[in-house]
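Note: the block below is entry.cif and it holds mmCIF, C-alpha atoms.
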```cif
data_run
#
loop_
_atom_site.group_PDB
_atom_site.id
_atom_site.type_symbol
_atom_site.label_atom_id
_atom_site.label_comp_id
_atom_site.auth_asym_id
_atom_site.auth_seq_id
_atom_site.Cartn_x
_atom_site.Cartn_y
_atom_site.Cartn_z
ATOM 1 C CA MET A 1 -47.432 -32.370 -33.745
ATOM 2 C CA ALA A 2 -43.861 -33.323 -32.916
ATOM 3 C CA LYS A 3 -44.029 -31.328 -29.685
ATOM 4 C CA LYS A 4 -47.245 -33.060 -28.715
ATOM 5 C CA ASP A 5 -45.685 -36.483 -29.362
ATOM 6 C CA GLU A 6 -42.667 -35.514 -27.269
ATOM 7 C CA LYS A 7 -44.878 -34.335 -24.419
ATOM 8 C CA SER A 8 -46.934 -37.535 -24.515
ATOM 9 C CA LYS A 9 -43.750 -39.564 -23.958
ATOM 10 C CA LYS A 10 -42.942 -37.734 -20.711
ATOM 11 C CA ASN A 11 -43.670 -40.030 -17.770
ATOM 12 C CA ALA A 12 -45.102 -42.701 -20.094
ATOM 13 C CA PRO A 13 -44.836 -46.218 -18.574
ATOM 14 C CA LEU A 14 -41.515 -48.039 -18.973
ATOM 15 C CA ILE A 15 -40.215 -51.520 -18.200
ATOM 16 C CA GLY A 16 -37.927 -51.977 -15.198
ATOM 17 C CA ILE A 17 -35.927 -55.155 -14.485
ATOM 18 C CA ASP A 18 -34.306 -56.068 -11.142
ATOM 19 C CA ILE A 19 -31.505 -58.677 -11.321
ATOM 20 C CA GLY A 20 -31.067 -60.417 -7.967
ATOM 21 C CA GLY A 21 -29.124 -63.368 -6.652
ATOM 22 C CA THR A 22 -32.167 -65.662 -6.509
ATOM 23 C CA GLY A 23 -34.638 -64.064 -8.901
ATOM 24 C CA ILE A 24 -34.887 -61.721 -11.888
ATOM 25 C CA LYS A 25 -38.006 -59.578 -11.555
ATOM 26 C CA GLY A 26 -39.636 -57.140 -13.910
ATOM 27 C CA GLY A 27 -42.652 -54.922 -14.267
ATOM 28 C CA ILE A 28 -44.259 -52.110 -16.210
ATOM 29 C CA VAL A 29 -43.815 -48.933 -14.172
ATOM 30 C CA ASP A 30 -46.227 -46.011 -13.979
ATOM 31 C CA LEU A 31 -43.726 -43.143 -13.727
ATOM 32 C CA LYS A 32 -46.349 -40.698 -12.461
ATOM 33 C CA LYS A 33 -47.260 -42.801 -9.435
ATOM 34 C CA GLY A 34 -44.154 -44.925 -8.922
ATOM 35 C CA LYS A 35 -46.230 -48.106 -9.000
ATOM 36 C CA LEU A 36 -46.389 -51.203 -11.154
ATOM 37 C CA ILE A 37 -49.076 -51.613 -13.790
ATOM 38 C CA GLY A 38 -50.191 -55.221 -13.440
ATOM 39 C CA ASP A 39 -48.303 -58.038 -11.748
ATOM 40 C CA ARG A 40 -44.561 -58.503 -11.547
ATOM 41 C CA VAL A 41 -42.864 -61.220 -13.577
ATOM 42 C CA ARG A 42 -40.263 -63.283 -11.718
ATOM 43 C CA ILE A 43 -37.976 -65.999 -13.083
ATOM 44 C CA PRO A 44 -35.329 -67.697 -10.903
ATOM 45 C CA THR A 45 -31.791 -66.456 -11.497
ATOM 46 C CA PRO A 46 -29.900 -69.106 -13.498
ATOM 47 C CA GLN A 47 -27.023 -70.919 -11.809
ATOM 48 C CA PRO A 48 -24.292 -70.215 -12.542
ATOM 49 C CA ALA A 49 -25.415 -66.636 -13.127
ATOM 50 C CA THR A 50 -23.066 -65.901 -16.025
ATOM 51 C CA PRO A 51 -23.569 -62.854 -18.279
ATOM 52 C CA ALA A 52 -24.968 -64.964 -21.138
ATOM 53 C CA SER A 53 -27.422 -66.942 -18.990
ATOM 54 C CA VAL A 54 -28.654 -63.869 -17.127
ATOM 55 C CA ALA A 55 -29.136 -61.972 -20.398
ATOM 56 C CA GLU A 56 -31.395 -64.776 -21.646
ATOM 57 C CA VAL A 57 -33.594 -64.621 -18.550
ATOM 58 C CA VAL A 58 -33.790 -60.813 -18.753
ATOM 59 C CA ALA A 59 -34.920 -61.219 -22.372
ATOM 60 C CA GLN A 60 -37.623 -63.695 -21.256
ATOM 61 C CA VAL A 61 -38.935 -61.298 -18.613
ATOM 62 C CA VAL A 62 -38.996 -58.369 -21.058
ATOM 63 C CA ALA A 63 -40.723 -60.478 -23.729
ATOM 64 C CA GLU A 64 -43.462 -61.493 -21.280
ATOM 65 C CA LEU A 65 -44.029 -57.870 -20.215
ATOM 66 C CA ALA A 66 -43.855 -56.573 -23.797
ATOM 67 C CA ALA A 67 -46.663 -58.932 -24.810
ATOM 68 C CA ARG A 68 -49.146 -57.273 -22.445
ATOM 69 C CA PRO A 69 -51.806 -54.904 -23.812
ATOM 70 C CA ASP A 70 -50.563 -52.050 -21.596
ATOM 71 C CA ALA A 71 -46.882 -52.536 -22.492
ATOM 72 C CA PRO A 72 -44.860 -49.497 -23.572
ATOM 73 C CA ASP A 73 -43.747 -49.056 -27.185
ATOM 74 C CA ALA A 74 -41.480 -51.864 -28.437
ATOM 75 C CA SER A 75 -38.657 -49.385 -29.075
ATOM 76 C CA SER A 76 -38.841 -47.805 -25.605
ATOM 77 C CA PRO A 77 -35.768 -48.094 -23.351
ATOM 78 C CA VAL A 78 -35.527 -50.617 -20.507
ATOM 79 C CA GLY A 79 -33.988 -49.903 -17.110
ATOM 80 C CA VAL A 80 -32.132 -52.712 -15.325
ATOM 81 C CA THR A 81 -30.574 -53.095 -11.878
ATOM 82 C CA PHE A 82 -27.472 -55.148 -11.062
ATOM 83 C CA PRO A 83 -25.854 -56.004 -7.687
ATOM 84 C CA GLY A 84 -22.472 -54.411 -8.358
ATOM 85 C CA ILE A 85 -20.729 -51.134 -9.139
ATOM 86 C CA ILE A 86 -21.793 -49.894 -12.580
ATOM 87 C CA GLN A 87 -19.808 -47.120 -14.243
ATOM 88 C CA HIS A 88 -20.405 -46.090 -17.868
ATOM 89 C CA GLY A 89 -22.330 -49.342 -18.368
ATOM 90 C CA VAL A 90 -19.475 -51.584 -17.190
ATOM 91 C CA VAL A 91 -19.504 -53.856 -14.116
ATOM 92 C CA HIS A 92 -16.659 -53.009 -11.726
ATOM 93 C CA SER A 93 -17.478 -55.175 -8.715
ATOM 94 C CA ALA A 94 -18.929 -58.621 -8.181
ATOM 95 C CA ALA A 95 -18.884 -59.169 -4.423
ATOM 96 C CA ASN A 96 -22.034 -61.303 -4.334
ATOM 97 C CA VAL A 97 -22.356 -62.475 -7.961
ATOM 98 C CA ASP A 98 -20.456 -64.613 -10.488
ATOM 99 C CA LYS A 99 -16.921 -63.286 -11.005
ATOM 100 C CA SER A 100 -17.291 -63.557 -14.785
ATOM 101 C CA TRP A 101 -19.251 -60.284 -14.616
ATOM 102 C CA LEU A 102 -16.157 -58.247 -13.773
ATOM 103 C CA GLU A 103 -15.429 -55.657 -16.488
ATOM 104 C CA ALA A 104 -18.390 -56.850 -18.573
ATOM 105 C CA ASP A 105 -20.118 -54.206 -20.709
ATOM 106 C CA ILE A 106 -23.556 -55.001 -19.324
ATOM 107 C CA ASP A 107 -25.256 -52.039 -21.060
ATOM 108 C CA GLY A 108 -23.939 -53.080 -24.465
ATOM 109 C CA MET A 109 -24.664 -56.765 -23.953
ATOM 110 C CA LEU A 110 -28.299 -56.252 -22.882
ATOM 111 C CA THR A 111 -28.917 -53.580 -25.532
ATOM 112 C CA ALA A 112 -27.760 -56.034 -28.213
ATOM 113 C CA ARG A 113 -29.787 -58.919 -26.766
ATOM 114 C CA LEU A 114 -33.035 -56.956 -26.365
ATOM 115 C CA GLY A 115 -32.721 -54.853 -29.517
ATOM 116 C CA ARG A 116 -33.693 -51.696 -27.614
ATOM 117 C CA PRO A 117 -31.825 -49.171 -25.447
ATOM 118 C CA VAL A 118 -30.832 -50.529 -22.030
ATOM 119 C CA GLU A 119 -29.098 -48.800 -19.134
ATOM 120 C CA VAL A 120 -28.050 -50.560 -15.961
ATOM 121 C CA ILE A 121 -27.879 -49.079 -12.471
ATOM 122 C CA ASN A 122 -26.624 -50.531 -9.185
ATOM 123 C CA ASP A 123 -29.505 -52.279 -7.396
ATOM 124 C CA ALA A 124 -29.241 -50.287 -4.151
ATOM 125 C CA ASP A 125 -28.987 -47.038 -6.131
ATOM 126 C CA ALA A 126 -32.205 -47.966 -7.942
ATOM 127 C CA ALA A 127 -34.014 -48.706 -4.681
ATOM 128 C CA GLY A 128 -32.782 -45.401 -3.250
ATOM 129 C CA LEU A 129 -33.898 -43.443 -6.288
ATOM 130 C CA ALA A 130 -37.367 -44.984 -6.047
ATOM 131 C CA GLU A 131 -37.644 -44.247 -2.315
ATOM 132 C CA ALA A 132 -36.474 -40.651 -2.809
ATOM 133 C CA ARG A 133 -38.976 -40.022 -5.582
ATOM 134 C CA PHE A 134 -42.021 -41.976 -4.444
ATOM 135 C CA GLY A 135 -41.383 -43.428 -0.982
ATOM 136 C CA ALA A 136 -40.125 -42.518 2.467
ATOM 137 C CA GLY A 137 -37.682 -39.901 1.128
ATOM 138 C CA GLU A 138 -40.134 -38.014 -1.076
ATOM 139 C CA GLY A 139 -39.799 -34.249 -0.606
ATOM 140 C CA ILE A 140 -36.779 -34.478 1.747
ATOM 141 C CA ASP A 141 -33.998 -31.998 0.980
ATOM 142 C CA GLY A 142 -30.365 -32.555 1.884
ATOM 143 C CA THR A 143 -28.740 -35.964 2.312
ATOM 144 C CA VAL A 144 -30.909 -39.075 2.471
ATOM 145 C CA LEU A 145 -29.152 -42.420 2.866
ATOM 146 C CA VAL A 146 -30.972 -45.577 1.845
ATOM 147 C CA ILE A 147 -29.378 -48.664 3.390
ATOM 148 C CA THR A 148 -30.478 -52.112 2.204
ATOM 149 C CA LEU A 149 -29.855 -55.068 4.524
ATOM 150 C CA GLY A 150 -29.701 -58.371 2.661
ATOM 151 C CA THR A 151 -26.965 -60.698 1.416
ATOM 152 C CA GLY A 152 -24.666 -57.723 1.944
ATOM 153 C CA ILE A 153 -25.299 -54.082 2.794
ATOM 154 C CA GLY A 154 -26.272 -51.895 -0.143
ATOM 155 C CA SER A 155 -26.491 -48.130 -0.010
ATOM 156 C CA ALA A 156 -27.824 -45.214 -2.014
ATOM 157 C CA PHE A 157 -26.726 -41.625 -1.446
ATOM 158 C CA ILE A 158 -29.423 -39.115 -2.373
ATOM 159 C CA PHE A 159 -28.833 -35.354 -2.195
ATOM 160 C CA ASP A 160 -31.719 -32.952 -2.820
ATOM 161 C CA GLY A 161 -33.584 -35.761 -4.546
ATOM 162 C CA LYS A 162 -30.714 -36.628 -6.914
ATOM 163 C CA LEU A 163 -28.647 -39.794 -6.861
ATOM 164 C CA VAL A 164 -24.899 -39.764 -6.168
ATOM 165 C CA PRO A 165 -24.136 -43.188 -7.702
ATOM 166 C CA ASN A 166 -22.079 -46.114 -6.435
ATOM 167 C CA ALA A 167 -21.738 -45.164 -2.763
ATOM 168 C CA GLU A 168 -20.556 -48.513 -1.376
ATOM 169 C CA LEU A 169 -21.199 -47.794 2.305
ATOM 170 C CA GLY A 170 -21.666 -51.484 3.071
ATOM 171 C CA HIS A 171 -17.928 -51.914 2.610
ATOM 172 C CA LEU A 172 -16.862 -49.353 5.194
ATOM 173 C CA GLU A 173 -14.308 -50.842 7.578
ATOM 174 C CA ILE A 174 -15.587 -50.835 11.150
ATOM 175 C CA ASP A 175 -13.578 -52.357 14.028
ATOM 176 C CA GLY A 176 -11.281 -54.039 11.505
ATOM 177 C CA PHE A 177 -14.103 -55.723 9.549
ATOM 178 C CA ASP A 178 -15.965 -55.047 6.324
ATOM 179 C CA ALA A 179 -19.278 -53.720 7.716
ATOM 180 C CA GLU A 180 -21.488 -56.038 5.695
ATOM 181 C CA SER A 181 -19.636 -59.119 6.970
ATOM 182 C CA LYS A 182 -21.023 -58.377 10.447
ATOM 183 C CA ALA A 183 -24.188 -56.325 10.021
ATOM 184 C CA SER A 184 -25.981 -57.662 6.921
ATOM 185 C CA ALA A 185 -29.211 -59.645 7.239
ATOM 186 C CA VAL A 186 -27.386 -62.799 6.117
ATOM 187 C CA ALA A 187 -24.727 -62.233 8.810
ATOM 188 C CA ARG A 188 -27.478 -62.109 11.448
ATOM 189 C CA GLU A 189 -28.852 -65.436 10.252
ATOM 190 C CA ARG A 190 -25.395 -66.992 9.975
ATOM 191 C CA GLU A 191 -24.504 -66.035 13.545
ATOM 192 C CA GLY A 192 -27.932 -66.954 14.904
ATOM 193 C CA LEU A 193 -28.397 -63.538 16.515
ATOM 194 C CA SER A 194 -31.576 -62.359 18.175
ATOM 195 C CA TRP A 195 -33.031 -59.072 16.945
ATOM 196 C CA GLU A 196 -31.740 -57.349 20.069
ATOM 197 C CA GLN A 197 -28.217 -58.709 19.536
ATOM 198 C CA TYR A 198 -28.381 -57.713 15.889
ATOM 199 C CA SER A 199 -29.464 -54.211 16.903
ATOM 200 C CA VAL A 200 -26.138 -53.730 18.713
ATOM 201 C CA LEU A 201 -24.269 -54.337 15.431
ATOM 202 C CA LEU A 202 -26.636 -52.060 13.520
ATOM 203 C CA GLN A 203 -26.140 -49.342 16.142
ATOM 204 C CA ARG A 204 -22.377 -49.491 15.614
ATOM 205 C CA TYR A 205 -22.821 -49.318 11.845
ATOM 206 C CA PHE A 206 -25.416 -46.542 11.667
ATOM 207 C CA SER A 207 -23.630 -44.430 14.289
ATOM 208 C CA HIS A 208 -20.476 -44.546 12.174
ATOM 209 C CA VAL A 209 -22.289 -43.639 8.952
ATOM 210 C CA GLU A 210 -24.182 -40.869 10.765
ATOM 211 C CA PHE A 211 -20.894 -39.393 12.030
ATOM 212 C CA LEU A 212 -19.417 -39.398 8.501
ATOM 213 C CA PHE A 213 -22.359 -37.885 6.601
ATOM 214 C CA SER A 214 -24.860 -36.268 9.045
ATOM 215 C CA PRO A 215 -27.851 -37.201 6.878
ATOM 216 C CA GLU A 216 -31.341 -35.787 7.203
ATOM 217 C CA LEU A 217 -32.861 -39.267 7.042
ATOM 218 C CA PHE A 218 -31.951 -42.962 7.026
ATOM 219 C CA ILE A 219 -34.235 -45.314 5.084
ATOM 220 C CA VAL A 220 -33.779 -49.040 5.722
ATOM 221 C CA GLY A 221 -34.629 -51.395 2.872
ATOM 222 C CA GLY A 222 -34.030 -55.032 2.014
ATOM 223 C CA GLY A 223 -36.106 -58.066 2.961
ATOM 224 C CA ILE A 224 -35.866 -57.485 6.701
ATOM 225 C CA SER A 225 -37.332 -53.985 6.423
ATOM 226 C CA LYS A 226 -40.613 -55.885 6.931
ATOM 227 C CA ARG A 227 -39.371 -56.664 10.450
ATOM 228 C CA ALA A 228 -38.268 -53.095 11.192
ATOM 229 C CA SER A 229 -40.256 -52.998 14.442
ATOM 230 C CA GLU A 230 -37.934 -55.725 15.797
ATOM 231 C CA TYR A 231 -34.748 -53.642 15.588
ATOM 232 C CA LEU A 232 -35.274 -49.961 14.677
ATOM 233 C CA PRO A 233 -36.702 -49.043 18.118
ATOM 234 C CA HIS A 234 -33.424 -50.223 19.710
ATOM 235 C CA LEU A 235 -31.308 -47.755 17.687
ATOM 236 C CA LYS A 236 -30.333 -44.448 19.286
ATOM 237 C CA LEU A 237 -29.405 -41.936 16.584
ATOM 238 C CA ARG A 238 -29.752 -38.188 16.018
ATOM 239 C CA THR A 239 -31.019 -38.925 12.525
ATOM 240 C CA PRO A 240 -34.587 -40.173 11.952
ATOM 241 C CA ILE A 241 -34.544 -43.762 10.684
ATOM 242 C CA VAL A 242 -37.553 -45.339 8.943
ATOM 243 C CA PRO A 243 -38.329 -48.482 6.922
ATOM 244 C CA ALA A 244 -38.541 -48.305 3.132
ATOM 245 C CA GLU A 245 -42.032 -48.036 1.674
ATOM 246 C CA LEU A 246 -41.749 -49.550 -1.815
ATOM 247 C CA LYS A 247 -40.568 -52.962 -0.549
ATOM 248 C CA ASN A 248 -39.915 -55.530 -3.317
ATOM 249 C CA ASP A 249 -40.911 -53.167 -6.124
ATOM 250 C CA ALA A 250 -38.252 -50.543 -5.327
ATOM 251 C CA GLY A 251 -35.579 -51.903 -7.672
ATOM 252 C CA ILE A 252 -37.976 -52.253 -10.604
ATOM 253 C CA VAL A 253 -39.369 -48.743 -10.092
ATOM 254 C CA GLY A 254 -35.917 -47.213 -9.615
ATOM 255 C CA ALA A 255 -34.560 -48.869 -12.769
ATOM 256 C CA ALA A 256 -37.408 -47.373 -14.807
ATOM 257 C CA VAL A 257 -36.945 -43.951 -13.174
ATOM 258 C CA GLU A 258 -33.218 -43.934 -13.936
ATOM 259 C CA ILE A 259 -33.582 -44.716 -17.623
ATOM 260 C CA ALA A 260 -36.477 -42.260 -17.936
ATOM 261 C CA LEU A 261 -34.258 -39.523 -16.491
ATOM 262 C CA LYS A 262 -31.334 -40.472 -18.754
ATOM 263 C CA HIS A 263 -33.536 -40.387 -21.852
ATOM 264 C CA LYS A 264 -35.368 -37.247 -20.674
ATOM 265 C CA LEU A 265 -38.635 -39.162 -20.458
ATOM 266 C CA ALA A 266 -39.413 -38.089 -16.893
ATOM 267 C CA LYS A 267 -39.798 -34.727 -15.205
#
```
Using structure tokens, write down the structure from this file.
Amino acid sequence: MAKKDEKSKKNAPLIGIDIGGTGIKGGIVDLKKGKLIGDRVRIPTPQPATPASVAEVVAQVVAELAARPDAPDASSPVGVTFPGIIQHGVVHSAANVDKSWLEADIDGMLTARLGRPVEVINDADAAGLAEARFGAGEGIDGTVLVITLGTGIGSAFIFDGKLVPNAELGHLEIDGFDAESKASAVAREREGLSWEQYSVLLQRYFSHVEFLFSPELFIVGGGISKRASEYLPHLKLRTPIVPAELKNDAGIVGAAVEIALKHKLAK
């Protein structure tokens, strides 16, 4: 009976939470299909986004999802994304979030607040894991690089379907500048660049990353992946480059995948 119970937990739905600069989103994830069961829940990110205030909103999102008829068991673990370097559950960078997060034990804090196991993963890593397992990178061997273009430039390094965590490729120095200061989606808006002008900066960035890692595939995520037809055709690379497929659900799905793998609840 115990073996049957253990087997039934494999790939059972789990809750994933995606902490962003403007919103905290969550959903119940079907780990067999990589899709959400029911609608997402979204609550605006509190300002200032301190550890205590963010933890309260995460708890609200989880409580709303946990009240649904198709919610996973109340003791099941929750996966969470965060826009910073996460190592052993501790935040080690806060480039685009409140500085009070630096060196915070985010795993411990959220586990205590929710009363159930929580593990946190970098937001771009989560999106990359989801794309590698269920999206544009599914079934691709070798190195797949998922690059998210948003407030900054996030990146996920996937090798043979497995995540190499905390690859901060948005902070590569190119022509004397931090890459994301020139080539992020926000930088394009700030400088008022046309898509063609922006493509020149992306070409410089992707050519450099291609030279360093020779990936099998680039996957471009972030909000402007919806406008991929405006800039991807202008890029001349050896490596195939495609838009992400999971869109706004990637972080939620990836967070659930990561904690399922850590707790041996996914194959």
**Given the PyMOL selection byres ((chain A and resi 75) around 8), the residues it picks as a list in words** =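 With the shown file as input, the PyMOL selection byres ((chain A and resi 75) around 8) matches Asp73, Ala74, Ser76, Pro77, Arg116 and Pro117 of chain A.
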**Item:** One-decimal distance in Å that lies between atom CA of Pro48 of chain A and atom CA of Val78 of chain A
**Value:** 24.0 Å
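If you apply the PyMOL selection byres ((chain A and resi 224) around 10) to this structure, you end up with Thr148, Leu149, Gly150, Ser184, Ala185, Val220, Gly221, Gly222, Gly223, Ser225, Lys226, Arg227, Ala228, Ser229, Glu230, Tyr231, Pro243 and Lys247 of chain A.
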**Item:** Separation of atom CA of Asp105 of chain A from atom CA of Asn166 of chain A in Å
**Value:**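 Going from atom CA of Asn166 of chain A over to atom CA of Asp105 of chain A covers 16.5 Å.
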**Asked** Interatomic distance between atom CA of Ala94 of chain A and atom CA of Phe82 of chain A?
**Response** 9.7 Å
**Request:** Name the residues that the PyMOL selection byres ((chain A and resi 27-30) around 7) picks from the file above, as a list in words, using the file's chain letters and numbers.
**Result:**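 Selected by the PyMOL selection byres ((chain A and resi 27-30) around 7) in this file: Pro13, Leu14, Ile15, Gly16, Ile17, Gly26, Leu31, Lys32, Lys33, Gly34, Lys35, Leu36, Ile37, Asp39, Arg40, Val41, Leu65, Ala71, Ile252, Val253 and Ala256 of chain A.
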